[in-house]
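To be precise, the following lines are model.txt, and they hold compact mmCIF, C-alpha atoms (C1' of nucleotides).
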# COMPACT_ATOMS: atom_id res chain seq x y z
CA MET Z 1 -41.72 -0.61 9.63
CA ALA Z 2 -39.15 2.12 9.30
CA LYS Z 3 -35.53 1.19 9.93
CA GLU Z 4 -36.17 -2.14 8.32
CA SER Z 5 -32.76 -2.17 6.65
CA LEU Z 6 -31.11 -1.37 9.98
CA VAL Z 7 -32.93 -4.11 11.85
CA HIS Z 8 -31.97 -6.54 9.15
CA PHE Z 9 -28.37 -5.42 9.26
CA ILE Z 10 -28.12 -5.72 13.03
CA SER Z 11 -29.78 -9.08 13.13
CA HIS Z 12 -27.38 -10.33 10.50
CA HIS Z 13 -24.53 -9.57 12.91
CA LEU Z 14 -26.00 -11.20 15.96
CA ALA Z 15 -25.82 -14.83 16.94
CA ALA Z 16 -29.02 -16.89 16.76
CA ASP Z 17 -29.80 -16.54 20.44
CA HIS Z 18 -29.81 -12.73 20.31
CA GLN Z 19 -31.99 -12.18 17.27
CA ALA Z 20 -34.81 -10.78 19.36
CA ALA Z 21 -32.64 -7.85 20.39
CA ALA Z 22 -32.20 -6.52 16.88
CA SER Z 23 -35.25 -4.32 16.67
CA GLU Z 24 -34.81 -3.17 20.24
CA LEU Z 25 -31.30 -2.00 19.38
CA ALA Z 26 -32.47 -0.32 16.21
CA GLN Z 27 -34.84 1.83 18.24
CA HIS Z 28 -31.94 3.69 19.76
CA PHE Z 29 -30.77 4.91 16.37
CA GLN Z 30 -31.99 8.23 15.10
CA GLU Z 31 -32.70 9.08 11.50
CA ARG Z 32 -30.10 11.20 9.81
CA LEU Z 33 -30.14 12.89 6.42
CA LEU Z 34 -27.14 14.34 4.61
CA SER Z 35 -27.28 16.25 1.39
CA LYS Z 36 -24.69 15.92 -1.33
CA GLY Z 37 -21.46 17.57 -0.28
CA GLU Z 38 -22.41 17.75 3.39
CA TYR Z 39 -19.93 16.56 5.98
CA PHE Z 40 -20.80 13.85 8.46
CA MET Z 41 -17.50 14.66 10.16
CA LYS Z 42 -14.73 17.18 9.60
CA GLU Z 43 -11.09 16.83 10.49
CA GLY Z 44 -10.19 18.49 13.75
CA GLN Z 45 -13.44 17.41 15.39
CA ALA Z 46 -13.89 14.56 17.80
CA SER Z 47 -16.32 12.19 16.20
CA ASN Z 48 -19.43 11.69 18.26
CA GLU Z 49 -21.53 9.64 15.95
CA TYR Z 50 -21.79 6.25 14.52
CA LEU Z 51 -23.86 5.91 11.35
CA PHE Z 52 -25.64 3.11 9.57
CA LEU Z 53 -26.02 4.19 5.95
CA GLU Z 54 -29.31 3.13 4.43
CA GLU Z 55 -28.96 5.02 1.16
CA GLY Z 56 -26.21 7.07 -0.40
CA CYS Z 57 -22.44 7.09 -0.52
CA ILE Z 58 -19.84 8.65 1.77
CA ARG Z 59 -16.17 9.25 1.14
CA ALA Z 60 -13.52 9.33 3.85
CA TYR Z 61 -10.42 11.35 3.13
CA THR Z 62 -7.47 12.94 4.81
CA THR Z 63 -4.83 15.47 3.87
CA ASP Z 64 -1.27 14.25 3.54
CA THR Z 65 1.89 16.14 4.49
CA GLU Z 66 2.08 17.82 1.09
CA GLY Z 67 -1.50 18.98 1.30
CA ASN Z 68 -2.95 16.40 -1.07
CA ASP Z 69 -6.36 14.97 -0.50
CA VAL Z 70 -6.16 11.18 -0.05
CA THR Z 71 -9.25 9.00 -0.05
CA THR Z 72 -9.11 6.46 2.76
CA GLY Z 73 -12.43 4.79 2.20
CA PHE Z 74 -15.81 4.69 0.52
CA TYR Z 75 -18.98 3.68 2.30
CA ILE Z 76 -22.06 2.57 0.45
CA LYS Z 77 -25.55 1.60 1.51
CA ASN Z 78 -25.95 -0.99 4.21
CA LYS Z 79 -22.56 -0.22 5.69
CA VAL Z 80 -21.63 1.30 8.99
CA VAL Z 81 -19.64 4.53 8.88
CA PHE Z 82 -17.33 5.75 11.65
CA GLU Z 83 -13.75 6.81 12.16
CA VAL Z 84 -12.28 4.33 14.64
CA SER Z 85 -9.61 6.45 16.16
CA SER Z 86 -11.54 9.59 16.89
CA PHE Z 87 -14.72 7.78 17.80
CA PHE Z 88 -13.28 5.29 20.26
CA ASN Z 89 -10.29 7.20 21.51
CA ARG Z 90 -12.21 10.47 21.73
CA THR Z 91 -9.51 12.34 19.86
CA ARG Z 92 -9.66 14.88 17.07
CA SER Z 93 -10.03 13.24 13.73
CA LYS Z 94 -7.55 13.58 10.90
CA GLU Z 95 -10.20 12.42 8.51
CA ASN Z 96 -13.23 13.90 6.83
CA LEU Z 97 -16.43 12.04 6.05
CA GLN Z 98 -18.36 13.67 3.24
CA ALA Z 99 -21.55 12.69 1.43
CA LEU Z 100 -20.95 12.14 -2.28
CA ILE Z 101 -24.69 12.15 -2.91
CA ASP Z 102 -27.76 12.65 -0.75
CA CYS Z 103 -27.71 10.11 2.06
CA LYS Z 104 -30.12 8.67 4.54
CA GLY Z 105 -29.12 6.67 7.57
CA TYR Z 106 -29.53 6.10 11.28
CA CYS Z 107 -27.09 7.13 13.92
CA LEU Z 108 -26.08 6.62 17.48
CA THR Z 109 -24.05 8.93 19.69
CA TYR Z 110 -20.94 7.84 21.54
CA LEU Z 111 -22.72 8.06 24.87
CA GLN Z 112 -25.60 5.89 23.70
CA LEU Z 113 -23.17 3.39 22.30
CA LYS Z 114 -21.16 3.29 25.48
CA GLU Z 115 -24.22 2.66 27.59
CA LEU Z 116 -25.63 0.03 25.32
CA PHE Z 117 -22.26 -1.62 25.11
CA HIS Z 118 -22.11 -2.20 28.83
CA ALA Z 119 -25.79 -2.85 29.42
CA VAL Z 120 -26.84 -5.08 26.55
CA THR Z 121 -25.14 -8.36 25.71
CA ALA Z 122 -26.38 -8.31 22.13
CA TYR Z 123 -25.00 -4.87 21.59
CA ARG Z 124 -21.56 -5.90 22.78
CA GLU Z 125 -21.67 -8.58 20.18
CA PHE Z 126 -22.83 -6.21 17.49
CA GLY Z 127 -20.34 -3.49 18.38
CA ARG Z 128 -17.46 -5.91 18.36
CA ALA Z 129 -18.60 -7.42 15.09
CA MET Z 130 -18.52 -3.97 13.48
CA LEU Z 131 -15.00 -3.34 14.68
CA VAL Z 132 -13.80 -6.74 13.57
CA LYS Z 133 -15.44 -6.37 10.19
CA GLY Z 134 -13.82 -3.00 9.53
CA PHE Z 135 -10.47 -4.31 10.69
CA VAL Z 136 -10.62 -7.37 8.47
CA ALA Z 137 -11.69 -5.33 5.45
CA LEU Z 138 -8.75 -2.99 6.00
CA LYS Z 139 -6.35 -5.92 6.23
CA GLU Z 140 -7.49 -7.09 2.84
CA ARG Z 141 -7.15 -3.67 1.36
CA THR Z 142 -3.63 -3.34 2.76
CA LEU Z 143 -2.62 -6.70 1.36
CA SER Z 144 -3.95 -5.71 -2.04
CA LEU Z 145 -1.78 -2.61 -1.97
CA ILE Z 146 1.22 -4.84 -1.41
CA ASN Z 147 0.68 -7.75 -3.71
CA GLU Z 148 -1.63 -6.66 -6.45
CA THR Z 149 -0.84 -4.39 -9.38
CA ALA Z 150 -2.71 -1.12 -9.75
CA GLU Z 151 -4.74 -2.66 -12.54
CA GLU Z 152 -5.73 -5.62 -10.38
CA ARG Z 153 -6.83 -3.28 -7.61
CA TYR Z 154 -8.85 -1.28 -10.09
CA ALA Z 155 -10.48 -4.41 -11.47
CA GLY Z 156 -11.23 -5.61 -7.95
CA LEU Z 157 -12.87 -2.37 -6.93
CA ILE Z 158 -14.98 -2.02 -10.04
CA SER Z 159 -16.23 -5.56 -9.70
CA ALA Z 160 -16.89 -5.42 -5.96
CA ASN Z 161 -18.21 -1.86 -5.75
CA PRO Z 162 -19.28 -0.58 -9.14
CA GLU Z 163 -21.61 1.98 -7.58
CA ILE Z 164 -18.65 3.97 -6.31
CA PHE Z 165 -17.77 4.79 -9.89
CA GLN Z 166 -21.16 6.38 -10.35
CA TYR Z 167 -20.71 8.79 -7.49
CA ALA Z 168 -17.03 9.58 -7.06
CA PRO Z 169 -14.76 11.40 -9.50
CA LEU Z 170 -11.81 9.36 -10.70
CA LYS Z 171 -9.26 11.34 -8.75
CA HIS Z 172 -10.84 10.20 -5.51
CA ILE Z 173 -10.81 6.63 -6.66
CA ALA Z 174 -7.22 6.99 -7.82
CA SER Z 175 -5.93 8.08 -4.42
CA TYR Z 176 -7.91 5.28 -2.80
CA LEU Z 177 -6.14 2.83 -5.10
CA GLY Z 178 -2.80 4.43 -4.30
CA ILE Z 179 -2.12 5.87 -7.76
CA THR Z 180 -2.42 9.22 -9.54
CA ASP Z 181 -5.44 10.17 -11.58
CA SER Z 182 -3.42 10.08 -14.82
CA SER Z 183 -2.32 6.54 -14.09
CA LEU Z 184 -5.88 5.53 -13.37
CA SER Z 185 -6.96 7.05 -16.64
CA ARG Z 186 -4.34 5.03 -18.50
CA ILE Z 187 -5.25 1.86 -16.64
CA ARG Z 188 -8.88 2.31 -17.58
CA LYS Z 189 -7.88 2.73 -21.19
CA GLU Z 190 -5.91 -0.52 -21.15
CA PHE Z 191 -8.59 -2.26 -19.18
CA GLN Z 192 -11.43 -1.60 -21.57
CA LYS Z 193 -9.48 -3.10 -24.43
CA LYS Z 194 -9.85 -6.46 -22.73
CA MET F 4 5.47 -10.55 41.06
CA ALA F 5 5.38 -12.52 37.87
CA LYS F 6 3.37 -11.07 34.98
CA GLU F 7 4.41 -7.62 36.04
CA SER F 8 4.74 -6.47 32.46
CA LEU F 9 1.28 -7.79 31.67
CA VAL F 10 -0.33 -6.10 34.64
CA HIS F 11 1.35 -2.88 33.67
CA PHE F 12 0.20 -3.25 30.09
CA ILE F 13 -3.40 -3.96 31.02
CA SER F 14 -3.57 -1.15 33.50
CA HIS F 15 -2.22 1.21 30.88
CA HIS F 16 -5.27 0.41 28.76
CA LEU F 17 -7.90 0.81 31.44
CA ALA F 18 -9.58 4.00 32.57
CA ALA F 19 -8.70 5.33 36.00
CA ASP F 20 -11.75 3.82 37.70
CA HIS F 21 -10.88 0.28 36.61
CA GLN F 22 -7.25 0.17 37.58
CA ALA F 23 -7.88 -2.29 40.37
CA ALA F 24 -9.01 -4.91 37.86
CA ALA F 25 -5.67 -5.08 36.08
CA SER F 26 -4.00 -7.70 38.22
CA GLU F 27 -7.20 -9.68 38.51
CA LEU F 28 -7.40 -9.84 34.73
CA ALA F 29 -3.75 -10.78 34.42
CA GLN F 30 -4.38 -13.84 36.59
CA HIS F 31 -6.40 -15.44 33.84
CA PHE F 32 -3.47 -15.40 31.47
CA GLN F 33 -1.24 -18.42 31.29
CA GLU F 34 2.49 -18.38 30.67
CA ARG F 35 3.53 -19.40 27.19
CA LEU F 36 6.99 -20.05 25.79
CA LEU F 37 7.90 -20.31 22.12
CA SER F 38 11.28 -21.24 20.78
CA LYS F 39 12.81 -19.67 17.73
CA GLY F 40 11.04 -20.85 14.61
CA GLU F 41 8.07 -22.24 16.48
CA TYR F 42 4.57 -21.35 15.26
CA PHE F 43 2.08 -19.68 17.55
CA MET F 44 -0.47 -20.25 14.79
CA LYS F 45 -0.42 -21.89 11.39
CA GLU F 46 -2.57 -21.08 8.40
CA GLY F 47 -5.57 -23.35 8.06
CA GLN F 48 -6.11 -23.46 11.80
CA ALA F 49 -8.73 -21.53 13.70
CA SER F 50 -6.88 -19.36 16.15
CA ASN F 51 -7.79 -20.07 19.72
CA GLU F 52 -5.36 -17.91 21.55
CA TYR F 53 -4.62 -14.36 22.33
CA LEU F 54 -1.07 -13.58 23.40
CA PHE F 55 0.63 -10.82 25.30
CA LEU F 56 4.30 -10.92 24.30
CA GLU F 57 6.62 -10.16 27.17
CA GLU F 58 9.87 -10.96 25.40
CA GLY F 59 10.75 -11.91 21.86
CA CYS F 60 9.56 -11.15 18.37
CA ILE F 61 6.87 -12.73 16.22
CA ARG F 62 6.28 -12.38 12.51
CA ALA F 63 2.87 -12.70 10.82
CA TYR F 64 2.87 -13.77 7.22
CA THR F 65 0.62 -15.13 4.55
CA THR F 66 1.08 -16.71 1.15
CA ASP F 67 -0.08 -14.77 -1.88
CA THR F 68 -1.67 -16.17 -5.02
CA GLU F 69 1.72 -16.77 -6.63
CA GLY F 70 3.00 -18.65 -3.62
CA ASN F 71 5.17 -15.85 -2.24
CA ASP F 72 5.53 -15.34 1.44
CA VAL F 73 4.29 -11.86 2.44
CA THR F 74 4.92 -10.44 5.89
CA THR F 75 1.79 -8.81 7.27
CA GLY F 76 3.14 -7.75 10.63
CA PHE F 77 5.82 -7.85 13.27
CA TYR F 78 5.09 -8.04 16.96
CA ILE F 79 7.64 -7.09 19.57
CA LYS F 80 7.70 -7.15 23.34
CA ASN F 81 4.85 -5.57 25.19
CA LYS F 82 2.47 -6.02 22.30
CA VAL F 83 -0.58 -8.17 21.97
CA VAL F 84 -0.54 -10.78 19.22
CA PHE F 85 -3.63 -12.23 17.54
CA GLU F 86 -5.13 -12.63 14.11
CA VAL F 87 -8.41 -10.70 14.17
CA SER F 88 -10.30 -12.59 11.57
CA SER F 89 -9.69 -16.13 12.67
CA PHE F 90 -9.78 -15.31 16.35
CA PHE F 91 -13.03 -13.37 16.43
CA ASN F 92 -14.84 -14.93 13.52
CA ARG F 93 -13.73 -18.44 14.44
CA THR F 94 -12.59 -19.16 10.90
CA ARG F 95 -9.48 -20.79 9.51
CA SER F 96 -6.60 -18.40 9.36
CA LYS F 97 -4.81 -17.43 6.17
CA GLU F 98 -1.92 -16.20 8.26
CA ASN F 99 0.94 -17.74 10.14
CA LEU F 100 2.42 -16.42 13.35
CA GLN F 101 5.98 -17.57 13.86
CA ALA F 102 8.55 -16.78 16.55
CA LEU F 103 11.64 -15.10 15.08
CA ILE F 104 13.51 -15.68 18.34
CA ASP F 105 12.71 -17.36 21.63
CA CYS F 106 9.61 -15.76 23.09
CA LYS F 107 7.89 -15.55 26.42
CA GLY F 108 4.38 -14.32 26.94
CA TYR F 109 1.02 -14.90 28.53
CA CYS F 110 -2.05 -16.11 26.77
CA LEU F 111 -5.78 -16.40 27.01
CA THR F 112 -8.06 -18.78 25.13
CA TYR F 113 -11.04 -17.66 23.12
CA LEU F 114 -13.42 -19.14 25.65
CA GLN F 115 -11.77 -17.35 28.54
CA LEU F 116 -11.83 -14.13 26.62
CA LYS F 117 -15.47 -14.51 25.74
CA GLU F 118 -16.45 -15.12 29.33
CA LEU F 119 -14.39 -12.28 30.68
CA PHE F 120 -15.70 -10.02 27.98
CA HIS F 121 -19.28 -10.47 29.09
CA ALA F 122 -18.66 -10.74 32.80
CA VAL F 123 -16.12 -8.04 33.54
CA THR F 124 -16.60 -4.40 32.65
CA ALA F 125 -12.88 -3.68 32.74
CA TYR F 126 -12.19 -6.50 30.36
CA ARG F 127 -14.64 -5.21 27.81
CA GLU F 128 -12.78 -1.98 27.93
CA PHE F 129 -9.43 -3.68 27.57
CA GLY F 130 -10.56 -5.98 24.77
CA ARG F 131 -12.04 -3.14 22.80
CA ALA F 132 -8.94 -1.02 23.34
CA MET F 133 -6.81 -3.82 21.85
CA LEU F 134 -9.01 -4.04 18.79
CA VAL F 135 -9.07 -0.31 18.31
CA LYS F 136 -5.32 -0.05 18.76
CA GLY F 137 -4.63 -2.69 16.15
CA PHE F 138 -7.10 -1.14 13.78
CA VAL F 139 -5.63 2.34 14.11
CA ALA F 140 -2.09 1.04 13.66
CA LEU F 141 -3.13 -0.72 10.48
CA LYS F 142 -4.76 2.43 9.16
CA GLU F 143 -1.50 4.26 9.57
CA ARG F 144 0.43 1.53 7.86
CA THR F 145 -2.02 1.52 4.96
CA LEU F 146 -1.76 5.26 4.55
CA SER F 147 2.01 5.02 4.55
CA LEU F 148 1.82 2.51 1.71
CA ILE F 149 -0.17 5.05 -0.27
CA ASN F 150 1.55 8.31 0.37
CA GLU F 151 5.09 7.58 1.42
CA THR F 152 7.94 6.42 -0.76
CA ALA F 153 9.57 3.08 -0.06
CA GLU F 154 12.53 4.91 1.45
CA GLU F 155 10.29 6.88 3.81
CA ARG F 156 8.58 3.71 4.94
CA TYR F 157 11.97 2.12 5.54
CA ALA F 158 13.16 5.12 7.51
CA GLY F 159 9.97 5.09 9.52
CA LEU F 160 10.24 1.43 10.40
CA ILE F 161 13.88 1.57 11.38
CA SER F 162 13.30 4.56 13.59
CA ALA F 163 10.11 3.24 15.21
CA ASN F 164 11.09 -0.44 15.49
CA PRO F 165 14.83 -0.88 15.15
CA GLU F 166 14.70 -4.21 17.02
CA ILE F 167 12.91 -5.85 14.13
CA PHE F 168 16.06 -5.45 12.06
CA GLN F 169 17.96 -7.50 14.61
CA TYR F 170 15.66 -10.46 14.32
CA ALA F 171 14.14 -10.56 10.85
CA PRO F 172 15.96 -11.17 7.56
CA LEU F 173 15.64 -8.33 5.09
CA LYS F 174 13.36 -10.21 2.75
CA HIS F 175 10.72 -10.37 5.46
CA ILE F 176 11.05 -6.67 6.09
CA ALA F 177 10.93 -5.97 2.36
CA SER F 178 7.60 -7.69 1.84
CA TYR F 179 6.23 -5.91 4.90
CA LEU F 180 7.25 -2.60 3.30
CA GLY F 181 5.71 -3.67 0.03
CA ILE F 182 8.93 -3.91 -1.99
CA THR F 183 11.32 -6.62 -3.16
CA ASP F 184 14.42 -7.55 -1.23
CA SER F 185 16.69 -6.19 -3.97
CA SER F 186 14.96 -2.83 -3.78
CA LEU F 187 15.31 -2.80 -0.03
CA SER F 188 18.98 -3.55 -0.36
CA ARG F 189 19.40 -0.59 -2.71
CA ILE F 190 17.38 1.68 -0.47
CA ARG F 191 19.59 0.78 2.47
CA LYS F 192 22.64 1.59 0.41
CA GLU F 193 21.28 5.02 -0.49
CA PHE F 194 20.03 5.59 3.01
CA GLN F 195 23.33 5.07 4.77
CA LYS F 196 25.00 7.68 2.61
CA LYS F 197 22.89 10.30 4.37
C1' DG N 20 36.49 -27.54 9.60
C1' DC N 21 33.76 -28.13 5.51
C1' DC N 22 29.76 -28.18 2.80
C1' DA N 23 25.14 -26.60 1.94
C1' DT N 24 21.95 -23.19 2.45
C1' DT N 25 20.34 -18.77 3.19
C1' DT N 26 21.01 -13.94 3.16
C1' DC N 27 22.40 -9.92 1.11
C1' DT N 28 24.24 -7.13 -2.56
C1' DT N 29 24.86 -5.72 -7.20
C1' DG N 30 24.44 -5.48 -12.25
C1' DT N 31 21.55 -5.12 -16.37
C1' DC N 32 17.38 -4.20 -18.42
C1' DA N 33 12.25 -3.85 -18.72
C1' DT N 34 8.04 -2.16 -16.76
C1' DT N 35 5.30 0.64 -13.99
C1' DT N 36 4.24 4.80 -12.32
C1' DG N 37 4.77 9.76 -11.49
C1' DG N 38 5.26 14.72 -12.74
C1' DC N 39 3.97 18.11 -15.64
C1' DA N 40 1.54 20.34 -19.14
C1' DA N 41 -1.78 20.67 -22.84
C1' DG N 42 -6.12 19.79 -24.69
C1' DT N 43 -10.99 18.22 -24.59
C1' DT N 44 -15.25 17.67 -22.59
C1' DG N 45 -18.75 18.52 -19.36
C1' DT N 46 -20.76 21.18 -15.60
C1' DT N 47 -21.76 25.14 -12.86
C1' DT N 48 -22.13 30.15 -12.22
C1' DT N 49 -23.39 34.50 -13.41
C1' DA W 1 -24.69 32.40 -23.79
C1' DA W 2 -20.29 33.23 -22.03
C1' DA W 3 -17.00 32.48 -18.76
C1' DA W 4 -14.98 29.81 -15.19
C1' DC W 5 -14.08 25.66 -13.35
C1' DA W 6 -13.60 20.75 -12.61
C1' DA W 7 -12.98 16.23 -14.69
C1' DC W 8 -10.77 13.35 -17.65
C1' DT W 9 -7.40 12.06 -21.14
C1' DT W 10 -3.04 12.05 -23.38
C1' DG W 11 1.89 12.91 -24.58
C1' DC W 12 6.56 13.18 -23.10
C1' DC W 13 10.15 12.19 -20.18
C1' DA W 14 12.17 10.99 -15.59
C1' DA W 15 12.26 8.27 -11.48
C1' DA W 16 11.19 4.21 -8.90
C1' DT W 17 10.78 -0.41 -8.75
C1' DG W 18 10.69 -5.21 -10.43
C1' DA W 19 12.62 -9.45 -12.64
C1' DC W 20 16.39 -12.19 -13.15
C1' DA W 21 20.91 -13.73 -12.49
C1' DA W 22 25.47 -13.83 -10.46
C1' DG W 23 28.39 -13.50 -6.77
C1' DA W 24 29.92 -12.43 -1.94
C1' DA W 25 29.06 -12.99 2.86
C1' DA W 26 27.08 -15.10 6.72
C1' DT W 27 24.96 -18.98 8.96
C1' DG W 28 23.76 -23.63 10.17
C1' DG W 29 24.38 -28.64 10.10
C1' DC W 30 27.26 -32.53 10.19

Can you dump the structure from the file as structure tokens?
Amino acid sequence: MAKESLVHFISHHLAADHQAAASELAQHFQERLLSKGEYFMKEGQASNEYLFLEEGCIRAYTTDTEGNDVTTGFYIKNKVVFEVSSFFNRTRSKENLQALIDCKGYCLTYLQLKELFHAVTAYREFGRAMLVKGFVALKERTLSLINETAEERYAGLISANPEIFQYAPLKHIASYLGITDSSLSRIRKEFQKK
Amino acid sequence: MAKESLVHFISHHLAADHQAAASELAQHFQERLLSKGEYFMKEGQASNEYLFLEEGCIRAYTTDTEGNDVTTGFYIKNKVVFEVSSFFNRTRSKENLQALIDCKGYCLTYLQLKELFHAVTAYREFGRAMLVKGFVALKERTLSLINETAEERYAGLISANPEIFQYAPLKHIASYLGITDSSLSRIRKEFQKK
DNA sequence: GCCATTTCTTGTCATTTGGCAAGTTGTTTT
DNA sequence: AAAACAACTTGCCAAATGACAAGAAATGGC
């Protein structure tokens, strides 16, 4: 069956007594392709879509007050991609979501999500799980910015998500880690000695 | 009426067509007092409660790998206090929530929340709004750790939440800002010259 | 009121990181 | 193939921050 990865992903986030709902929920998602460089969302827009990424890699970034491009996240396959604030608060996004390579996924519009959320118990569970998961992941990232060194953060990222290094240029990874690209280059140099 | 602040808070987070539900929802909350120094939650426990803080100030902190105490958040009056991960995933918390001064609030247990979440449309909306709000606030904080200087983060905190400085010792604020207490002391010295 | 503890500040010095610019390599465009 | 551009590295120096220790100030307990 198509959407197999999506069904599996949804079912993984549902309690035992709602397993049956997984493939029903997956049916509401629509296939979505993005080619390398294409934007899933641009800043200034209100985000209307929620995406499960089956293949590919997407970078989230924003522009800081001095005009620099700052990477706020990377999404790889089998992850859900959305910008919380603009999606749920229906506001214009300050972030961009851009495909680093060709991507394939399945998406849901805000209206579909809203309806499913109120109508289907299993979907409430799934939707909340996605929010909680993103929140918890961000908490860990924030903590790492506070109590790990740049080198530790680098080591952590390369061990947890090596595929990102295949697709993203180092300057994107540097801003995600909270350092400059020169510093990252030096850290890599030190790191490979070990 | 008692719980006025809570009713007001809830109604502020509900869409126009659900306003009537605010005081009904507030009825499920139970008054909760904490004295200075008391823990609302300790690490190692699974969090069972969700708190609306009417008066007081609570600090969230965790212990890093070297045994240092790191402040992960401050909660002031008219905010909702909970630890996402342990509350929603029903796992043991790595964080502590401790009253910095005497506090008064209203709380809801996980079971109550779960029931209300499925039974009451307005509560789903409220619950999701709380999650989204916390998530968005954390995103901003994370970004500030990446592209603001320590002094800018200090200035931001003191202008947005001056009351925290009344209740928390500087070392707690320092770890929240991602710097040492000596650095914070020096930053304050520089800052007051301006 | 006095002692003990915590909080806060300050000094010195080392380390990390940034800013800037140059140089190399690799990739895309024409 | 040449030119233009982006990516990555490296050198040099400055700025920010940390580590550690000492001391002053404030607070809490008895």

#### Entry: Shortest interatomic distance to chain W - which of F:Ser50, F:Gln101, F:Thr124, F:Thr183, counting only C-alpha atoms (C1' of nucleotides)
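Nearest candidate to chain W out of F:Ser50, F:Gln101, F:Thr124, F:Thr183: F:Thr183.
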
Can you check which parts of chain W lie within 10 Å of chain F? Per residue, the shortest pair of atoms and distance in Å to one decimal, counting only C-alpha atoms (C1' of nucleotides), sorted by chain and number, as JSON lines.
{"residue": "W:DA16", "atom": "C1'", "partner": "F:Thr152", "partner_atom": "CA", "distance": 9.0}
{"residue": "W:DT17", "atom": "C1'", "partner": "F:Ser186", "partner_atom": "CA", "distance": 6.9}
{"residue": "W:DG18", "atom": "C1'", "partner": "F:Thr183", "partner_atom": "CA", "distance": 7.4}
{"residue": "W:DA19", "atom": "C1'", "partner": "F:Thr183", "partner_atom": "CA", "distance": 10.0}

Set the cut-off to 9 Å and count only C-alpha atoms (C1' of nucleotides): what are the residues of chain F that reach chain N? Output as a JSON list (two decimals) with C-alpha atoms, in the frame of the given file.
[["chain", "number", "residue", "atom", "x", "y", "z"],
["F", 172, "PRO", "CA", 15.96, -11.17, 7.56],
["F", 173, "LEU", "CA", 15.64, -8.33, 5.09],
["F", 174, "LYS", "CA", 13.36, -10.21, 2.75],
["F", 184, "ASP", "CA", 14.42, -7.55, -1.23],
["F", 185, "SER", "CA", 16.69, -6.19, -3.97],
["F", 188, "SER", "CA", 18.98, -3.55, -0.36],
["F", 189, "ARG", "CA", 19.40, -0.59, -2.71]]

### Message
Can you work out which residues from chain F touch chain Z at a cut-off of 8 Å (counting all atoms listed in the file) and hand them back as a list in words?
### Response
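Matching residues, ligands excluded from the count: Asp67, Thr75, Val87, Ser88, Phe91, His121, Thr124, Arg131, Leu134, Val135, Phe138, Val139, Leu141, Lys142, Thr145, Leu146, Leu148, Ile149, Asn150, Ser178, Leu180, Gly181 and Ile182 of chain F.
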
### Query
Hey, can you pull every residue with an atom no more than 10 Å from (-22.2, 8.8, 20.5), using all atoms listed in the file, and send it as a ChimeraX atom specification?
/Z:47-51,87-88,107-115

Padded axis-aligned box of region 91-96 of chain F (3 Å per side), centre and edge lengths, Å, one decimal, as lines of an AutoDock Vina configuration file:
center_x = -10.7
center_y = -17.1
center_z = 12.9
size_x = 14.2
size_y = 13.4
size_z = 13.1

### Task
For Gln27 (chain Z), work out the shell of residues within 12 Å, counting all atoms listed in the file and skipping chain neighbours fewer than 5 positions away, then give it as JSON, numbers by chain.
{"Z": [1, 2, 3, 4, 6, 7, 10, 21, 22, 106, 107, 108, 112, 116]}

### Query
To one decimal place, how far is CA of His172 (chain Z) from CA of Ala99 (chain Z) in Å?
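Separating CA of His172 (chain Z) from CA of Ala99 (chain Z) is a distance of 13.0 Å.
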
### Query
How would you write as a ChimeraX atom specification the residues that get within 8 Å of (-24.0, 8.1, -2.7) in the file's frame, counting only C-alpha atoms (C1' of nucleotides)?
/Z:36,55-58,76-77,99-103,164,167

### Query
Looking at only C-alpha atoms, which of F:Leu17, F:Ala177, F:Ala23, F:Ala49 is the one that sits closest to Phe129 (chain F)?
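With only C-alpha atoms as the atom set, the closest residue is F:Leu17.
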
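Excluding Pro162 (chain Z) and any residue on its chain fewer than 4 positions from it, the residues at most 12 Å away by all atoms listed in the file are Cys57, Phe74, Ile76, Tyr154, Ala155, Gly156, Leu157, Ile158, Gln166, Tyr167, Ala168 and Ile173 of chain Z.
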
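Atom to atom, CA of Gly67 (chain Z) and CA of Lys94 (chain Z) stand 12.6 Å apart.
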
### Message
Would you compute the distance between CA of Ala122 (chain Z) and CA of His8 (chain Z)? Give it in Å to one decimal.
### Response
14.2 Å
